[in-house]
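**Student:** This is run-v3.txt (compact mmCIF, C-alpha atoms).
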```
# COMPACT_ATOMS: atom_id res chain seq x y z
CA MET G 287 80.36 -57.75 -35.18
CA SER G 288 82.35 -57.20 -32.02
CA ALA G 289 84.84 -54.35 -31.69
CA GLY G 290 87.56 -56.93 -31.23
CA LEU G 291 86.71 -58.65 -34.48
CA ILE G 292 86.66 -55.35 -36.42
CA GLY G 293 89.95 -54.41 -34.82
CA ARG G 294 91.52 -57.73 -35.82
CA PHE G 295 90.21 -57.26 -39.35
CA ILE G 296 91.66 -53.78 -39.69
CA LEU G 297 94.98 -54.86 -38.21
CA SER G 298 95.14 -57.92 -40.44
CA ALA G 299 94.32 -55.84 -43.51
CA ALA G 300 96.88 -53.18 -42.65
CA LEU G 301 99.60 -55.72 -41.94
CA GLY G 302 98.72 -57.59 -45.11
CA ILE G 303 98.93 -54.48 -47.28
CA GLY G 304 102.16 -53.47 -45.55
CA ALA G 305 103.70 -56.88 -46.12
CA GLY G 306 102.66 -56.81 -49.77
CA VAL G 307 104.23 -53.42 -50.32
CA VAL G 308 107.41 -54.53 -48.52
CA LEU G 309 107.64 -57.59 -50.75
CA HIS G 310 107.16 -55.36 -53.79
CA PHE G 311 110.01 -53.15 -52.57
CA MET G 312 112.24 -56.17 -51.88
CA LEU G 313 111.79 -57.38 -55.46
CA TYR G 314 113.30 -54.05 -56.53
CA ARG G 315 115.94 -53.82 -53.80
CA PHE G 316 117.32 -57.34 -54.08
CA GLY G 317 117.61 -56.92 -57.82
CA LEU G 318 119.92 -53.95 -57.54
CA PRO G 319 123.57 -54.78 -58.17
CA ALA G 320 125.55 -55.59 -55.04
CA HIS G 321 128.49 -53.65 -56.40
CA PRO G 322 127.44 -50.89 -58.77
CA PHE G 323 130.09 -49.89 -61.25
CA ILE G 324 132.26 -46.97 -60.42
CA TYR G 325 132.76 -44.80 -63.47
CA GLN G 326 136.34 -44.15 -64.24
CA VAL G 327 137.40 -41.70 -66.85
CA PHE G 328 139.73 -44.45 -68.04
CA MET C 177 105.20 -82.48 -26.03
CA ALA C 178 106.50 -79.22 -24.63
CA THR C 179 107.74 -77.88 -28.01
CA GLY C 180 104.55 -78.76 -29.89
CA GLY C 181 102.54 -77.21 -27.10
CA ARG C 182 104.55 -74.01 -27.18
CA ALA C 183 104.16 -73.70 -30.97
CA ALA C 184 100.44 -74.32 -30.65
CA LEU C 185 100.21 -71.59 -28.01
CA GLU C 186 102.10 -69.14 -30.27
CA VAL C 187 99.78 -69.87 -33.21
CA LYS C 188 96.74 -69.39 -31.02
CA TRP C 189 98.13 -66.08 -29.77
CA LEU C 190 98.75 -64.92 -33.36
CA GLU C 191 95.26 -65.90 -34.42
CA ARG C 192 93.88 -63.85 -31.57
CA VAL C 193 95.67 -60.82 -33.02
CA ILE C 194 95.33 -61.21 -36.79
CA GLN C 195 93.06 -63.11 -39.12
CA PRO C 196 95.32 -65.13 -41.48
CA LYS C 197 92.93 -65.21 -44.40
CA VAL C 198 92.31 -61.48 -44.21
CA PHE C 199 96.05 -60.90 -43.97
CA LEU C 200 96.65 -63.01 -47.07
CA VAL C 201 93.94 -61.35 -49.15
CA PHE C 202 95.21 -57.87 -48.31
CA PHE C 203 98.79 -59.01 -48.86
CA PHE C 204 97.92 -59.70 -52.49
CA ILE C 205 95.99 -56.44 -52.63
CA GLY C 206 99.12 -54.68 -51.36
CA VAL C 207 101.27 -56.27 -54.06
CA ALA C 208 98.66 -55.53 -56.74
CA GLY C 209 98.21 -51.97 -55.52
CA ALA C 210 101.94 -51.29 -55.57
CA SER C 211 102.12 -52.77 -59.08
CA CYS C 212 99.28 -50.55 -60.30
CA ALA C 213 100.90 -47.54 -58.66
CA GLY C 214 104.13 -48.31 -60.53
CA ALA C 215 102.26 -48.41 -63.83
CA LEU C 216 100.20 -45.28 -63.21
CA LEU C 217 102.98 -43.12 -61.82
CA THR C 218 105.26 -43.85 -64.77
CA SER C 219 102.66 -43.57 -67.51
CA GLY C 220 104.02 -40.09 -68.17
CA SER C 221 107.35 -38.44 -67.54
CA MET C 222 108.51 -38.49 -63.94
CA PHE C 223 111.44 -36.19 -64.63
CA GLU C 224 111.57 -32.53 -63.71
CA SER C 225 113.78 -30.38 -65.95
CA PHE C 226 115.62 -33.35 -67.39
CA LYS C 227 118.98 -32.37 -68.87
CA ARG C 228 121.04 -35.57 -68.90
CA VAL C 229 121.50 -38.77 -66.92
CA ASN C 230 123.77 -37.30 -64.28
CA TYR C 231 125.65 -39.18 -61.59
CA TYR C 232 122.74 -39.16 -59.14
CA ILE C 233 120.18 -40.53 -61.56
CA GLY C 234 122.62 -43.00 -63.04
CA GLY C 235 123.77 -46.55 -62.46
CA GLU C 236 126.80 -45.64 -60.35
CA THR C 237 124.50 -44.60 -57.49
CA LEU C 238 122.10 -47.50 -57.93
CA PHE C 239 119.57 -45.41 -59.86
CA ASN C 240 118.59 -47.37 -62.96
CA ILE C 241 116.16 -45.45 -65.14
CA THR C 242 113.67 -47.93 -66.54
CA ALA C 243 112.51 -48.38 -70.11
CA ARG C 244 109.05 -47.21 -69.12
CA GLN C 245 110.44 -44.04 -67.58
CA LEU C 246 112.45 -43.32 -70.72
CA HIS C 247 109.33 -43.89 -72.79
CA GLY C 248 107.40 -41.50 -70.56
CA LEU C 249 110.11 -38.85 -70.88
CA LEU C 250 110.12 -38.90 -74.66
CA SER C 251 106.38 -39.40 -75.11
CA GLU C 252 105.66 -36.03 -73.58
CA ILE C 253 107.51 -34.23 -76.34
CA PRO C 254 104.91 -32.63 -78.66
CA GLU C 255 104.18 -34.76 -81.70
CA ASP C 256 105.08 -32.08 -84.21
CA LYS C 257 108.68 -31.96 -83.01
CA VAL C 258 111.52 -34.09 -84.31
CA ILE C 259 112.98 -35.94 -81.34
CA VAL C 260 116.78 -35.92 -81.50
CA VAL C 261 117.95 -38.63 -79.12
CA VAL C 262 121.60 -38.23 -78.17
CA GLY C 263 123.16 -41.49 -77.11
CA GLY C 264 126.59 -42.97 -76.69
CA THR C 265 129.48 -42.54 -74.33
CA SER C 266 130.63 -40.15 -71.65
CA ARG C 267 131.94 -37.96 -74.43
CA PHE C 268 128.44 -37.16 -75.65
CA PHE C 269 127.20 -37.22 -72.05
CA GLY C 270 129.44 -34.24 -71.51
CA VAL C 271 132.12 -35.23 -69.01
CA GLY C 272 134.10 -32.03 -68.69
CA GLN C 273 131.06 -29.86 -69.50
CA SER C 274 128.82 -28.24 -66.93
CA LEU C 275 125.12 -28.04 -67.67
CA ASP C 276 125.58 -24.41 -68.71
CA HIS C 277 127.99 -25.51 -71.44
CA LEU C 278 126.53 -28.90 -72.35
CA TRP C 279 127.12 -29.44 -76.03
CA SER C 280 123.67 -30.90 -76.66
CA ASN C 281 122.10 -27.66 -75.44
CA LYS C 282 124.08 -25.89 -78.17
CA LEU C 283 122.79 -28.45 -80.64
CA GLN C 284 119.25 -27.61 -79.52
CA ASP C 285 119.92 -23.89 -79.97
CA LEU C 286 121.22 -24.47 -83.50
CA LEU C 287 118.36 -26.73 -84.53
CA GLY C 288 115.60 -24.54 -83.16
CA ASP C 289 112.05 -25.21 -82.07
CA ASP C 290 111.18 -27.81 -84.66
CA TYR C 291 113.45 -30.20 -82.79
CA LYS C 292 113.72 -31.44 -79.24
CA VAL C 293 117.16 -32.71 -78.26
CA VAL C 294 117.26 -35.19 -75.38
CA ASN C 295 120.67 -36.22 -74.09
CA LEU C 296 120.57 -39.89 -73.07
CA ALA C 297 124.28 -40.58 -73.42
CA LEU C 298 125.74 -42.27 -70.36
CA ARG C 299 128.89 -42.26 -68.35
CA SER C 300 130.49 -45.57 -69.35
CA GLY C 301 127.76 -45.71 -71.94
CA ARG C 302 127.87 -46.89 -75.52
CA PRO C 303 125.86 -46.15 -78.65
CA ASP C 304 124.20 -49.56 -78.54
CA GLN C 305 122.39 -49.15 -75.24
CA PHE C 306 119.93 -46.85 -73.56
CA GLY C 307 119.66 -44.01 -76.06
CA ASN C 308 119.16 -46.28 -79.05
CA HIS C 309 116.54 -48.31 -77.17
CA ALA C 310 114.66 -45.13 -76.30
CA ALA C 311 114.89 -44.02 -79.94
CA GLU C 312 113.59 -47.41 -81.10
CA ALA C 313 110.59 -47.15 -78.81
CA MET C 314 109.70 -43.75 -80.26
CA ILE C 315 110.15 -44.95 -83.84
CA ALA C 316 107.88 -47.88 -83.05
CA ALA C 317 105.34 -45.37 -81.72
CA GLY C 318 105.40 -43.55 -85.05
CA ARG C 319 107.26 -40.49 -83.86
CA LYS C 320 109.79 -38.43 -85.84
CA VAL C 321 113.16 -39.48 -84.46
CA ILE C 322 116.82 -38.94 -85.24
CA TYR C 323 119.45 -40.79 -83.23
CA VAL C 324 122.88 -39.18 -82.80
CA ALA C 325 125.54 -41.11 -80.90
CA ASP C 326 129.29 -41.50 -80.64
CA ILE C 327 131.37 -44.64 -80.89
CA HIS C 328 134.99 -45.57 -80.23
CA VAL C 329 136.50 -46.77 -83.50
CA THR C 330 137.97 -49.84 -81.80
CA GLU C 331 134.55 -51.11 -80.71
CA ARG C 332 131.49 -52.56 -82.36
CA PHE C 333 127.76 -52.80 -81.75
CA GLN C 334 126.56 -55.52 -79.40
CA PRO C 335 123.07 -57.03 -79.31
CA ALA C 336 122.25 -56.24 -75.68
CA GLY C 337 124.66 -53.31 -75.48
CA THR C 338 128.36 -53.17 -74.74
CA PHE C 339 128.62 -52.22 -71.08
CA PRO C 340 127.29 -54.92 -68.71
CA SER C 341 125.84 -52.52 -66.15
CA TYR C 342 123.39 -51.34 -68.77
CA TYR C 343 122.30 -54.72 -70.17
CA TYR C 344 119.20 -54.34 -68.03
CA ILE C 345 117.68 -51.62 -70.22
CA PHE C 346 117.63 -53.85 -73.30
CA TYR C 347 115.84 -56.66 -71.46
CA ASP C 348 113.50 -54.22 -69.73
CA ALA C 349 112.53 -52.60 -73.05
CA ALA C 350 112.21 -56.00 -74.74
CA ALA C 351 109.94 -57.34 -71.99
CA ARG C 352 107.75 -54.27 -72.40
CA GLY C 353 107.48 -54.79 -76.17
CA LEU C 354 109.07 -51.42 -76.85
CA LEU C 355 111.74 -52.50 -79.32
CA LEU C 356 111.69 -52.79 -83.10
CA PRO C 357 112.16 -56.17 -84.76
CA SER C 358 115.79 -56.78 -85.73
CA PRO C 359 116.85 -60.08 -87.30
CA GLY C 360 120.47 -58.99 -87.08
CA ARG C 361 120.16 -58.38 -83.36
CA ASP C 362 118.30 -61.64 -82.80
CA ALA C 363 121.04 -63.58 -84.56
CA ALA C 364 123.80 -61.91 -82.53
CA LEU C 365 121.78 -62.28 -79.34
CA SER C 366 121.81 -66.08 -79.51
CA ALA C 367 125.58 -66.21 -79.28
CA PHE C 368 125.67 -63.51 -76.59
CA GLU C 369 123.07 -65.26 -74.44
CA ALA C 370 124.77 -68.63 -74.78
CA ALA C 371 128.02 -67.09 -73.54
CA ASN C 372 126.33 -65.25 -70.64
CA SER C 373 123.56 -67.64 -69.70
CA GLU C 374 123.45 -67.00 -65.94
CA THR C 375 123.46 -63.23 -66.26
CA VAL C 376 120.88 -63.32 -69.04
CA PHE C 377 118.61 -65.62 -67.04
CA ASP C 378 118.62 -63.17 -64.12
CA LEU C 379 118.01 -60.23 -66.41
CA LYS C 380 115.16 -61.92 -68.25
CA VAL C 381 113.42 -63.12 -65.09
CA ARG C 382 113.72 -59.68 -63.55
CA ALA C 383 112.48 -57.92 -66.70
CA LEU C 384 109.55 -60.32 -67.04
CA ALA C 385 108.55 -59.94 -63.40
CA ASN C 386 108.89 -56.16 -63.63
CA SER C 387 106.73 -56.05 -66.74
CA PHE C 388 103.86 -57.35 -64.59
CA LEU C 389 104.66 -55.94 -61.16
CA ASN C 390 106.37 -52.65 -62.08
CA PHE C 391 108.60 -52.71 -58.98
CA ASP C 392 111.62 -51.14 -60.67
CA ASP C 393 109.37 -48.41 -62.05
CA LEU C 394 107.60 -47.64 -58.78
CA TRP C 395 110.58 -47.59 -56.45
CA THR C 396 112.81 -45.71 -58.88
CA TYR C 397 109.99 -43.16 -59.15
CA VAL C 398 109.77 -42.94 -55.35
CA GLY C 399 113.55 -42.60 -55.18
CA TYR C 400 113.54 -39.79 -57.72
CA LYS C 401 110.64 -37.84 -56.25
CA TYR C 402 110.59 -38.47 -52.49
CA VAL C 403 113.13 -40.73 -50.80
CA PHE C 404 115.78 -43.07 -52.15
CA LEU C 405 115.66 -46.30 -50.21
CA ALA C 406 118.88 -48.06 -51.25
CA TRP C 407 122.02 -46.93 -49.50
CA SER C 408 124.94 -46.07 -51.73
CA ASP C 409 128.38 -45.13 -50.50
CA LEU C 410 128.52 -42.46 -53.17
CA THR C 411 125.56 -40.58 -51.69
CA LYS C 412 126.44 -41.10 -48.05
CA ASP C 413 126.28 -37.37 -47.33
CA ASP C 414 122.50 -37.60 -47.69
CA PRO C 415 121.69 -41.17 -48.62
CA PHE C 416 117.91 -40.92 -48.56
CA MET C 417 117.46 -37.58 -50.30
CA ALA C 418 115.23 -37.63 -53.35
CA ARG C 419 117.47 -37.91 -56.36
CA LYS C 420 115.76 -35.05 -58.19
CA LEU C 421 117.22 -32.74 -55.54
CA TRP C 422 120.83 -33.66 -56.19
CA PRO C 423 122.49 -31.09 -58.46
CA ASP C 424 124.26 -32.18 -61.62
CA PRO C 425 127.84 -32.43 -60.33
CA GLU C 426 129.67 -32.13 -63.64
CA THR C 427 131.76 -28.99 -64.07
CA ASP C 428 133.72 -27.39 -66.87
CA ARG C 429 136.98 -29.00 -66.04
CA SER C 430 140.26 -29.92 -67.57
CA LEU C 431 141.56 -33.32 -66.60
CA TYR C 432 144.89 -33.07 -68.35
CA ASP C 433 146.77 -32.72 -65.07
CA PHE C 434 144.86 -35.55 -63.49
CA TYR C 435 146.70 -38.26 -65.37
CA SER C 436 150.36 -38.71 -66.18
CA ILE C 437 151.33 -38.34 -69.81
CA ALA C 438 152.88 -41.81 -69.73
CA ASP C 439 149.60 -43.38 -68.60
CA MET C 440 147.63 -41.46 -71.20
CA MET C 441 149.98 -42.41 -74.00
CA LYS C 442 149.33 -46.04 -73.07
CA TYR C 443 145.62 -45.38 -73.52
CA VAL C 444 146.14 -43.53 -76.79
CA GLY C 445 148.38 -46.38 -77.89
CA THR C 446 145.36 -48.69 -77.88
CA PHE C 447 144.01 -46.72 -80.85
CA THR C 448 147.16 -47.08 -82.91
CA ALA C 449 147.36 -50.83 -83.49
CA PRO C 450 146.09 -51.21 -87.06
CA LEU C 451 142.56 -52.58 -87.16
CA SER C 452 142.67 -56.02 -88.73
CA SER C 453 140.42 -56.96 -91.66
CA PRO C 454 138.37 -59.36 -89.52
CA SER C 455 137.91 -56.58 -86.99
CA ILE C 456 136.79 -54.10 -89.63
CA ASN C 457 134.42 -56.65 -91.13
CA ALA C 458 133.06 -57.42 -87.67
CA LEU C 459 132.30 -53.74 -87.10
CA GLU C 460 130.49 -53.56 -90.45
CA ALA C 461 128.50 -56.70 -89.67
CA SER C 462 127.67 -55.53 -86.17
CA VAL C 463 125.77 -52.52 -87.53
CA SER C 464 122.97 -54.97 -88.30
CA VAL C 465 122.15 -55.31 -84.59
CA LEU C 466 120.61 -51.87 -84.93
CA PRO C 467 117.16 -52.34 -86.51
CA GLU C 468 116.92 -51.00 -90.05
CA PRO C 469 114.38 -48.24 -89.20
CA LEU C 470 116.82 -47.00 -86.55
CA ARG C 471 119.84 -47.23 -88.84
CA ARG C 472 118.14 -44.99 -91.39
CA ARG C 473 117.59 -42.40 -88.70
CA THR C 474 121.07 -42.54 -87.16
CA ILE C 475 124.11 -40.30 -87.35
CA MET C 476 127.05 -42.11 -85.73
CA ALA C 477 129.95 -39.90 -84.70
CA THR C 478 133.59 -40.77 -84.30
CA ILE C 479 135.72 -38.39 -82.26
CA LYS C 480 139.47 -38.04 -82.66
CA LEU C 481 141.58 -38.00 -79.53
CA SER C 482 143.22 -34.88 -78.17
CA PRO C 483 146.21 -33.70 -80.23
CA TYR C 484 147.96 -33.02 -76.92
CA TYR C 485 148.61 -36.74 -76.91
CA THR C 486 148.30 -37.85 -80.54
CA ASP C 487 150.91 -35.30 -81.65
CA ARG C 488 153.39 -37.19 -79.48
CA LEU C 489 152.89 -40.42 -81.43
CA PRO C 490 155.71 -41.62 -83.68
CA PRO C 491 154.82 -41.08 -87.36
CA ASP C 492 154.03 -44.71 -88.09
CA GLN C 493 151.71 -45.01 -85.10
CA HIS C 494 150.08 -41.71 -85.96
CA ALA C 495 149.48 -42.96 -89.49
CA SER C 496 147.84 -46.18 -88.34
CA TYR C 497 145.79 -44.24 -85.76
CA GLU C 498 144.45 -42.03 -88.58
CA GLN C 499 143.86 -45.03 -90.83
CA ASN C 500 141.85 -46.75 -88.09
CA TYR C 501 139.36 -43.88 -88.14
CA VAL C 502 139.12 -44.07 -91.94
CA SER C 503 138.60 -47.82 -91.85
CA ALA C 504 136.03 -47.75 -89.04
CA CYS C 505 134.01 -44.96 -90.65
CA ALA C 506 134.00 -46.74 -94.00
CA ALA C 507 132.90 -49.98 -92.32
CA MET C 508 129.96 -48.28 -90.61
CA VAL C 509 128.94 -46.56 -93.84
CA ARG C 510 129.00 -49.91 -95.65
CA GLY C 511 126.85 -51.26 -92.80
CA GLY C 512 124.24 -48.61 -93.55
CA LEU C 513 124.99 -45.79 -91.13
CA GLN C 514 125.61 -42.15 -91.76
CA VAL C 515 128.87 -41.22 -90.06
CA ALA C 516 130.09 -37.85 -88.82
CA GLU C 517 133.78 -37.41 -88.09
CA LEU C 518 134.50 -35.04 -85.23
CA GLY C 519 137.82 -33.79 -83.98
CA ASP C 520 139.68 -33.01 -87.20
CA GLY C 521 141.52 -29.74 -86.68
CA TRP C 522 140.51 -29.51 -83.02
CA ALA C 523 143.00 -28.14 -80.52
CA LYS C 524 144.07 -29.33 -77.07
CA ASP C 525 141.59 -26.98 -75.38
CA ASP C 526 138.69 -28.48 -77.29
CA TYR C 527 139.17 -31.49 -75.06
CA ALA C 528 138.87 -31.92 -71.30
CA ASP C 529 141.32 -34.80 -71.46
CA SER C 530 142.50 -37.27 -74.07
CA GLN C 531 138.98 -38.12 -75.25
CA HIS C 532 136.28 -36.05 -73.51
CA ILE C 533 135.17 -32.83 -75.11
CA SER C 534 135.43 -29.45 -73.44
CA ALA C 535 132.87 -26.67 -73.75
CA SER C 536 134.61 -25.23 -76.83
CA GLY C 537 134.87 -28.67 -78.41
CA GLY C 538 131.20 -29.18 -77.68
CA VAL C 539 130.33 -26.08 -79.65
CA LYS C 540 132.33 -27.39 -82.61
CA ALA C 541 130.63 -30.77 -82.33
CA ALA C 542 127.19 -29.19 -82.28
CA MET C 543 128.01 -26.96 -85.25
CA LYS C 544 129.19 -29.97 -87.24
CA LEU C 545 126.20 -32.14 -86.34
CA ALA C 546 123.35 -29.65 -86.60
CA PRO C 547 123.35 -29.39 -90.42
CA LEU C 548 123.63 -33.18 -90.67
CA VAL C 549 120.59 -33.59 -88.41
CA GLU C 550 118.65 -31.06 -90.47
CA SER C 551 119.64 -32.71 -93.71
CA LEU C 552 118.63 -36.14 -92.46
CA SER C 553 115.40 -34.74 -91.13
CA HIS C 554 114.50 -33.39 -94.56
CA GLU C 555 115.59 -36.61 -96.24
CA LEU C 556 113.22 -38.51 -93.95
CA GLY C 557 110.42 -36.12 -94.80
CA TYR C 558 110.05 -34.86 -91.24
CA LEU C 559 110.09 -31.20 -92.14
CA ARG C 560 109.61 -29.28 -95.32
CA PRO C 561 112.91 -27.78 -96.58
```
Please go through the file and, once you have read it, give me the structure as structure tokens.
**Tutor:**
Amino acid sequence: MSAGLIGRFILSAALGIGAGVVLHFMLYRFGLPAHPFIYQVF
Amino acid sequence: MATGGRAALEVKWLERVIQPKVFLVFFFIGVAGASCAGALLTSGSMFESFKRVNYYIGGETLFNITARQLHGLLSEIPEDKVIVVVGGTSRFFGVGQSLDHLWSNKLQDLLGDDYKVVNLALRSGRPDQFGNHAAEAMIAAGRKVIYVADIHVTERFQPAGTFPSYYYIFYDAAARGLLLPSPGRDAALSAFEAANSETVFDLKVRALANSFLNFDDLWTYVGYKYVFLAWSDLTKDDPFMARKLWPDPETDRSLYDFYSIADMMKYVGTFTAPLSSPSINALEASVSVLPEPLRRRTIMATIKLSPYYTDRLPPDQHASYEQNYVSACAAMVRGGLQVAELGDGWAKDDYADSQHISASGGVKAAMKLAPLVESLSHELGYLRP
């Protein structure tokens, strides 16, 4: 296996994992309310 | 064509840098890994020195504690202890009470080591959300549980909870299979969901997806422990600081001077209109949304308003205000709840404002509730007399 091929593999894997984690975070972030309630004593 | 050629060149350049199939496989591994991390990291309690759901670990600052995290918090309590879950409104949360004078700490002191009191009452909270769901999950797990919460006499129990910002916890807990069966709740839920179909759809989809992918659990955990990744105007002084590091901001404070008497009398006035028969019957019927095993283990508290305001009411309004408490308590008792009435004989200084309890009021509340908790505990066979 050439060094270039291994490098592409590692980069692809890293980017893939990174993108997966970012998607996972976006599922949480986009689900948060746009305007959280502000507690008022009354 | 020039455009097609350019696109083809870009794709070829990309393929020289990354391998698409490898990228895709590891993309799914990344999603799966994050999902597993969310499950593992919240299998126990993530909280450090939990006292109550303060402002910085509450919904106002975009921090929504998940059902799994609540379950983890309570599951770590030793099995021989009776878990006393405190739920309800900002009054039981302790607005107007610093941590040093939090009333539920006094309750813990009075009950002793056989009990573990956990304050899950919320600012803008209600007795039908969050605390009760956590209590249900522990009852379902076979633990010894007593649920103590407060309710406004003009309100009733709702199937997914009263305050919309906290609907999520019901659907989260339901998707995780943490709740007890409740035919009464299921019946009421149909009407609620029909009236709020769009909101409910979003909540259900989110809860279902989270039950598999654990994204709310993971990123709330990360936000609590390490770095909070959603900007909130209310934490702009240090928006990314781990939420566990924010101090509980509540202080022993009097809010009487914060509001005009005229404004407060308008608020107090909302408690004086006589409760109608349909309204009283609706409150009694609504008790059934709480599952029967939870009802048996519940002490529901009503709290009178501050005499600083109620003493200003004309006699007829004062009489109907008092009658409303009698009617509401009787309705809840008929529905199957044990009710504790707080506030009789309390003075202005037992309140932080018209409704919230001060440190001294908190002591009185704890002293009234502790023997009731002990009595119920013995009745349920949790502890030998």
**Student:** Quick one, how far is atom CA of Asn500 of chain C from atom CA of His328 of chain C?
**Tutor:**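 These two atoms are separated by 10.5 Å.
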**Student:** Using only C-alpha atoms, I'd like every residue of chain C that has an atom within 8 Å of chain G; please write them out as a ChimeraX atom specification.
**Tutor:** /C:192-196,198-207,210-211,235-238,299-300,341,382,389,391-392,395,406
**Student:** What would the file look like if the residues just selected were written as an mmCIF file, in the coordinates of the input with C-alpha atoms?
**Tutor:**
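In the end it all went to result-v5.cif:
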```cif
data_model
loop_
_atom_site.group_PDB
_atom_site.id
_atom_site.type_symbol
_atom_site.label_atom_id
_atom_site.label_comp_id
_atom_site.auth_asym_id
_atom_site.auth_seq_id
_atom_site.Cartn_x
_atom_site.Cartn_y
_atom_site.Cartn_z
ATOM 1 C CA ARG C 192 93.880 -63.850 -31.570
ATOM 2 C CA VAL C 193 95.670 -60.820 -33.020
ATOM 3 C CA ILE C 194 95.330 -61.210 -36.790
ATOM 4 C CA GLN C 195 93.060 -63.110 -39.120
ATOM 5 C CA PRO C 196 95.320 -65.130 -41.480
ATOM 6 C CA VAL C 198 92.310 -61.480 -44.210
ATOM 7 C CA PHE C 199 96.050 -60.900 -43.970
ATOM 8 C CA LEU C 200 96.650 -63.010 -47.070
ATOM 9 C CA VAL C 201 93.940 -61.350 -49.150
ATOM 10 C CA PHE C 202 95.210 -57.870 -48.310
ATOM 11 C CA PHE C 203 98.790 -59.010 -48.860
ATOM 12 C CA PHE C 204 97.920 -59.700 -52.490
ATOM 13 C CA ILE C 205 95.990 -56.440 -52.630
ATOM 14 C CA GLY C 206 99.120 -54.680 -51.360
ATOM 15 C CA VAL C 207 101.270 -56.270 -54.060
ATOM 16 C CA ALA C 210 101.940 -51.290 -55.570
ATOM 17 C CA SER C 211 102.120 -52.770 -59.080
ATOM 18 C CA GLY C 235 123.770 -46.550 -62.460
ATOM 19 C CA GLU C 236 126.800 -45.640 -60.350
ATOM 20 C CA THR C 237 124.500 -44.600 -57.490
ATOM 21 C CA LEU C 238 122.100 -47.500 -57.930
ATOM 22 C CA ARG C 299 128.890 -42.260 -68.350
ATOM 23 C CA SER C 300 130.490 -45.570 -69.350
ATOM 24 C CA SER C 341 125.840 -52.520 -66.150
ATOM 25 C CA ARG C 382 113.720 -59.680 -63.550
ATOM 26 C CA LEU C 389 104.660 -55.940 -61.160
ATOM 27 C CA PHE C 391 108.600 -52.710 -58.980
ATOM 28 C CA ASP C 392 111.620 -51.140 -60.670
ATOM 29 C CA TRP C 395 110.580 -47.590 -56.450
ATOM 30 C CA ALA C 406 118.880 -48.060 -51.250
#
```
**Student:** Using all atoms listed in the file, determine which residues lie at most 10 Å from Ala349 of chain C, disregarding the query and same-chain residues fewer than 3 positions distant; provide the list as a PyMOL selection string.
**Tutor:** chain C and resi 242-244+246-247+306+309-310+312-313+344-346+352-355+383+387
**Student:** Using only C-alpha atoms, determine which residues lie at most 8 Å from segment 267-280 of chain C, disregarding the query and same-chain residues fewer than 3 positions distant; provide the list as a VMD selection string.
**Tutor:** chain C and resid 227 to 229 262 to 264 283 to 284 293 to 299 325 to 326 424 to 431 528 531 to 535 538 to 539 541 to 542
**Student:** Rank nothing, just name the residue among C:Leu451, C:Leu489, C:Ile253, C:Ala371 nearest to Val502 of chain C, using only C-alpha atoms.
**Tutor:**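 Of all the options, C:Leu451 lies closest to Val502 of chain C.
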**Student:** Once N, CA, C and O atoms are restored for segment 384-392 of chain C, what would the output be as a PDB file, in the coordinates of the input?
**Tutor:**
```
ATOM      1  N   LEU C 384     110.893 -59.746 -66.892  1.00  0.00           N
ATOM      2  CA  LEU C 384     109.550 -60.320 -67.040  1.00  0.00           C
ATOM      3  C   LEU C 384     108.707 -59.995 -65.806  1.00  0.00           C
ATOM      4  O   LEU C 384     107.563 -59.559 -65.912  1.00  0.00           O
ATOM      5  N   ALA C 385     109.291 -60.222 -64.630  1.00  0.00           N
ATOM      6  CA  ALA C 385     108.550 -59.940 -63.400  1.00  0.00           C
ATOM      7  C   ALA C 385     108.206 -58.455 -63.320  1.00  0.00           C
ATOM      8  O   ALA C 385     107.089 -58.074 -62.956  1.00  0.00           O
ATOM      9  N   ASN C 386     109.134 -57.595 -63.700  1.00  0.00           N
ATOM     10  CA  ASN C 386     108.890 -56.160 -63.630  1.00  0.00           C
ATOM     11  C   ASN C 386     107.821 -55.716 -64.629  1.00  0.00           C
ATOM     12  O   ASN C 386     107.102 -54.757 -64.385  1.00  0.00           O
ATOM     13  N   SER C 387     107.736 -56.442 -65.747  1.00  0.00           N
ATOM     14  CA  SER C 387     106.730 -56.050 -66.740  1.00  0.00           C
ATOM     15  C   SER C 387     105.316 -56.263 -66.206  1.00  0.00           C
ATOM     16  O   SER C 387     104.372 -55.638 -66.676  1.00  0.00           O
ATOM     17  N   PHE C 388     105.163 -57.139 -65.215  1.00  0.00           N
ATOM     18  CA  PHE C 388     103.860 -57.350 -64.590  1.00  0.00           C
ATOM     19  C   PHE C 388     103.711 -56.546 -63.307  1.00  0.00           C
ATOM     20  O   PHE C 388     102.665 -55.987 -63.032  1.00  0.00           O
ATOM     21  N   LEU C 389     104.774 -56.506 -62.505  1.00  0.00           N
ATOM     22  CA  LEU C 389     104.660 -55.940 -61.160  1.00  0.00           C
ATOM     23  C   LEU C 389     105.200 -54.518 -61.032  1.00  0.00           C
ATOM     24  O   LEU C 389     105.003 -53.872 -60.010  1.00  0.00           O
ATOM     25  N   ASN C 390     105.918 -54.053 -62.029  1.00  0.00           N
ATOM     26  CA  ASN C 390     106.370 -52.650 -62.080  1.00  0.00           C
ATOM     27  C   ASN C 390     107.134 -52.203 -60.832  1.00  0.00           C
ATOM     28  O   ASN C 390     107.058 -51.032 -60.443  1.00  0.00           O
ATOM     29  N   PHE C 391     107.903 -53.101 -60.215  1.00  0.00           N
ATOM     30  CA  PHE C 391     108.600 -52.710 -58.980  1.00  0.00           C
ATOM     31  C   PHE C 391     109.782 -51.784 -59.265  1.00  0.00           C
ATOM     32  O   PHE C 391     110.023 -50.839 -58.524  1.00  0.00           O
ATOM     33  N   ASP C 392     110.519 -52.058 -60.339  1.00  0.00           N
ATOM     34  CA  ASP C 392     111.620 -51.140 -60.670  1.00  0.00           C
ATOM     35  C   ASP C 392     111.062 -49.758 -60.972  1.00  0.00           C
ATOM     36  O   ASP C 392     111.645 -48.737 -60.581  1.00  0.00           O
TER      37      ASP C 392
END
```
